[in-house]
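Taking it in order: structure first as structure tokens, then the write-up.
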Amino acid sequence: MMGTAKNRVYLAAIVVLLLIIAAMAYKFVVVGSTQKAEDGRIAVLLEPGERNLVLREMRAFVESLQLMSDALSKDDMKGVAKAARTMGMARSQDVPLAMVGKLPLEFKKLAFSVHGQFDAIADDAETIGTTKHTLGQLSEVLQKCVACHNSYQLKAPTSK
Ligand code: HEC
């Protein structure tokens, strides 16, 4: 009898621990660290250094897009591929794990798909090599830039 009661306590403790782990994983993977912003978007709460990292990446996107349009205007598909590759998947591995946990799932999905699309643009520029095809791909990527900016902003955790 005593043994069974003890087992029940152990079992309850395990269930509670699993629920805590599941809640933490859910917060880390899905929810992130967010707050509703005054303008109706979702504010992702990041430390100043983390925010700087994201904004630096954003400016790198614009730089790459500038190089790509310049190369496109000259039918320089090698140049397109080179500029696109700099913003490919390899780039997204620079993000520290602690920061990944603060980004909501939808934000991460959008960010990964944008990096993936830059790789696809580079691949296709090397193989298909038509400016029209690349322009179509660029328009698709830009839609995701727009979609993310319409949904999210960045904010320091303490400021209200
Ligand atoms: C996953 C979400 C996401 C994607 C995708 C995204 N951005 Fe951003 N970007 C942001 C957020 C959030 C900010 C900060 C906006 C704010 O706080 O109001 C930002 C800011 C910027 C800034 C301002 C940088 C600065 O120094 O202030 C530029 C430029 C920018 N993005 C360009 C781009 C371009 C170009 C693309 C597409 C190739 C892109 N972004 C894709 C989320 C994203």
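Identifiers for the structure tokens are assigned positionally: chains receive A, B, ... in sequence, residues are indexed from 1 per chain, and ligands are indexed from 1 in the order shown.
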
Enumerate as a PyMOL selection string the residues within 10 Å of ligand 1, counting only C-alpha atoms and all ligand atoms.
-> chain A and resi 37+39+41-45+51-66+87+103-115+117-118+138-156

Expected answer as a ChimeraX atom specification: strand (DSSP E or B) residues in stretch 39-135 of chain A = /A:42-45

Store the residues picked out above, limited to N, CA, C and O atoms, as a CSV table (one decimal), in the first residue's frame.
chain,number,residue,atom,x,y,z
A,42,ILE,N,3.5,43.0,-33.5
A,42,ILE,CA,4.1,42.2,-32.4
A,42,ILE,C,5.5,42.7,-32.1
A,42,ILE,O,6.3,42.8,-33.1
A,43,ALA,N,5.8,43.2,-30.9
A,43,ALA,CA,7.1,43.6,-30.6
A,43,ALA,C,7.9,42.4,-30.1
A,43,ALA,O,7.5,41.7,-29.1
A,44,VAL,N,9.0,42.1,-30.7
A,44,VAL,CA,9.9,41.0,-30.3
A,44,VAL,C,10.9,41.7,-29.3
A,44,VAL,O,11.6,42.7,-29.7
A,45,LEU,N,11.0,41.2,-28.1
A,45,LEU,CA,11.8,41.8,-27.0
A,45,LEU,C,13.2,41.3,-27.1
A,45,LEU,O,13.5,40.1,-26.8

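Ranking A:Lys102, A:Arg85, A:Arg91, A:Lys78 by their shortest atom-to-atom distance to A:Thr127, with only C-alpha atoms included, puts A:Lys78 first.
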
Might you pull out every residue within 10 Å of stretch 12-27 of chain A, with only C-alpha atoms counted and same-chain residues fewer than 2 positions away left off, and present them as a ChimeraX atom specification?
-> /A:6-10,29-33,101-105

Suppose we keep N, CA, C and O atoms; can you now write the selection as a PDB file, in the first residue's frame?
ATOM      1  N   LYS A   6       3.684   5.876  -2.815  1.00  0.00           N
ATOM      2  CA  LYS A   6       4.965   6.507  -3.169  1.00  0.00           C
ATOM      3  C   LYS A   6       5.110   6.596  -4.690  1.00  0.00           C
ATOM      4  O   LYS A   6       5.505   7.628  -5.221  1.00  0.00           O
ATOM      5  N   ASN A   7       4.757   5.476  -5.355  1.00  0.00           N
ATOM      6  CA  ASN A   7       4.840   5.474  -6.828  1.00  0.00           C
ATOM      7  C   ASN A   7       3.975   6.559  -7.440  1.00  0.00           C
ATOM      8  O   ASN A   7       4.357   7.175  -8.419  1.00  0.00           O
ATOM      9  N   ARG A   8       2.799   6.746  -6.818  1.00  0.00           N
ATOM     10  CA  ARG A   8       1.883   7.775  -7.351  1.00  0.00           C
ATOM     11  C   ARG A   8       2.531   9.154  -7.237  1.00  0.00           C
ATOM     12  O   ARG A   8       2.387   9.976  -8.136  1.00  0.00           O
ATOM     13  N   VAL A   9       3.209   9.391  -6.098  1.00  0.00           N
ATOM     14  CA  VAL A   9       3.869  10.687  -5.899  1.00  0.00           C
ATOM     15  C   VAL A   9       4.960  10.865  -6.951  1.00  0.00           C
ATOM     16  O   VAL A   9       5.075  11.905  -7.587  1.00  0.00           O
ATOM     17  N   TYR A  10       5.750   9.788  -7.173  1.00  0.00           N
ATOM     18  CA  TYR A  10       6.812   9.867  -8.192  1.00  0.00           C
ATOM     19  C   TYR A  10       6.217  10.182  -9.554  1.00  0.00           C
ATOM     20  O   TYR A  10       6.690  11.040 -10.284  1.00  0.00           O
ATOM     21  N   VAL A  29      10.293  27.586 -28.512  1.00  0.00           N
ATOM     22  CA  VAL A  29      10.178  27.319 -29.953  1.00  0.00           C
ATOM     23  C   VAL A  29       9.074  28.149 -30.605  1.00  0.00           C
ATOM     24  O   VAL A  29       9.255  28.695 -31.681  1.00  0.00           O
ATOM     25  N   VAL A  30       7.913  28.242 -29.933  1.00  0.00           N
ATOM     26  CA  VAL A  30       6.737  28.800 -30.597  1.00  0.00           C
ATOM     27  C   VAL A  30       6.477  30.269 -30.235  1.00  0.00           C
ATOM     28  O   VAL A  30       6.332  31.110 -31.113  1.00  0.00           O
ATOM     29  N   VAL A  31       6.423  30.574 -28.944  1.00  0.00           N
ATOM     30  CA  VAL A  31       5.972  31.899 -28.513  1.00  0.00           C
ATOM     31  C   VAL A  31       7.082  32.936 -28.618  1.00  0.00           C
ATOM     32  O   VAL A  31       6.875  34.039 -29.112  1.00  0.00           O
ATOM     33  N   GLY A  32       8.267  32.607 -28.127  1.00  0.00           N
ATOM     34  CA  GLY A  32       9.354  33.572 -28.075  1.00  0.00           C
ATOM     35  C   GLY A  32       9.094  34.596 -26.995  1.00  0.00           C
ATOM     36  O   GLY A  32       8.253  34.394 -26.113  1.00  0.00           O
ATOM     37  N   SER A  33       9.806  35.721 -27.080  1.00  0.00           N
ATOM     38  CA  SER A  33       9.653  36.762 -26.080  1.00  0.00           C
ATOM     39  C   SER A  33       9.020  37.974 -26.765  1.00  0.00           C
ATOM     40  O   SER A  33       9.693  38.717 -27.475  1.00  0.00           O
ATOM     41  N   GLY A 101      15.491  31.561 -29.153  1.00  0.00           N
ATOM     42  CA  GLY A 101      14.386  31.301 -28.232  1.00  0.00           C
ATOM     43  C   GLY A 101      13.488  32.504 -28.010  1.00  0.00           C
ATOM     44  O   GLY A 101      12.371  32.369 -27.516  1.00  0.00           O
ATOM     45  N   LYS A 102      13.963  33.688 -28.341  1.00  0.00           N
ATOM     46  CA  LYS A 102      13.142  34.893 -28.150  1.00  0.00           C
ATOM     47  C   LYS A 102      12.312  35.215 -29.385  1.00  0.00           C
ATOM     48  O   LYS A 102      11.428  36.051 -29.348  1.00  0.00           O
ATOM     49  N   LEU A 103      12.639  34.573 -30.509  1.00  0.00           N
ATOM     50  CA  LEU A 103      11.926  34.862 -31.756  1.00  0.00           C
ATOM     51  C   LEU A 103      10.710  33.951 -31.884  1.00  0.00           C
ATOM     52  O   LEU A 103      10.830  32.735 -31.717  1.00  0.00           O
ATOM     53  N   PRO A 104       9.520  34.507 -32.187  1.00  0.00           N
ATOM     54  CA  PRO A 104       8.349  33.652 -32.378  1.00  0.00           C
ATOM     55  C   PRO A 104       8.539  32.726 -33.575  1.00  0.00           C
ATOM     56  O   PRO A 104       9.319  33.042 -34.483  1.00  0.00           O
ATOM     57  N   LEU A 105       7.807  31.607 -33.569  1.00  0.00           N
ATOM     58  CA  LEU A 105       7.964  30.588 -34.621  1.00  0.00           C
ATOM     59  C   LEU A 105       7.745  31.178 -36.016  1.00  0.00           C
ATOM     60  O   LEU A 105       8.519  30.907 -36.941  1.00  0.00           O
TER      61      LEU A 105
END

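Separating atom CA of A:Met68 from atom CA of A:Ala90 is a distance of 18.2 Å.
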
Helix (DSSP H, G or I) per DSSP on the backbone: members of stretch 48-127 of chain A, as number ranges by chain = A: 48-73, 77-85, 89-92, 97-100, 105-127

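The space between atom CA of A:Pro157 and atom CA of A:Phe28 spans 16.0 Å.
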
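Restricting the calculation to only C-alpha atoms, the smallest distance between A:Glu47 and any of A:Met89, A:Ile128, A:Ala71, A:Ala98 is found for A:Ala98.
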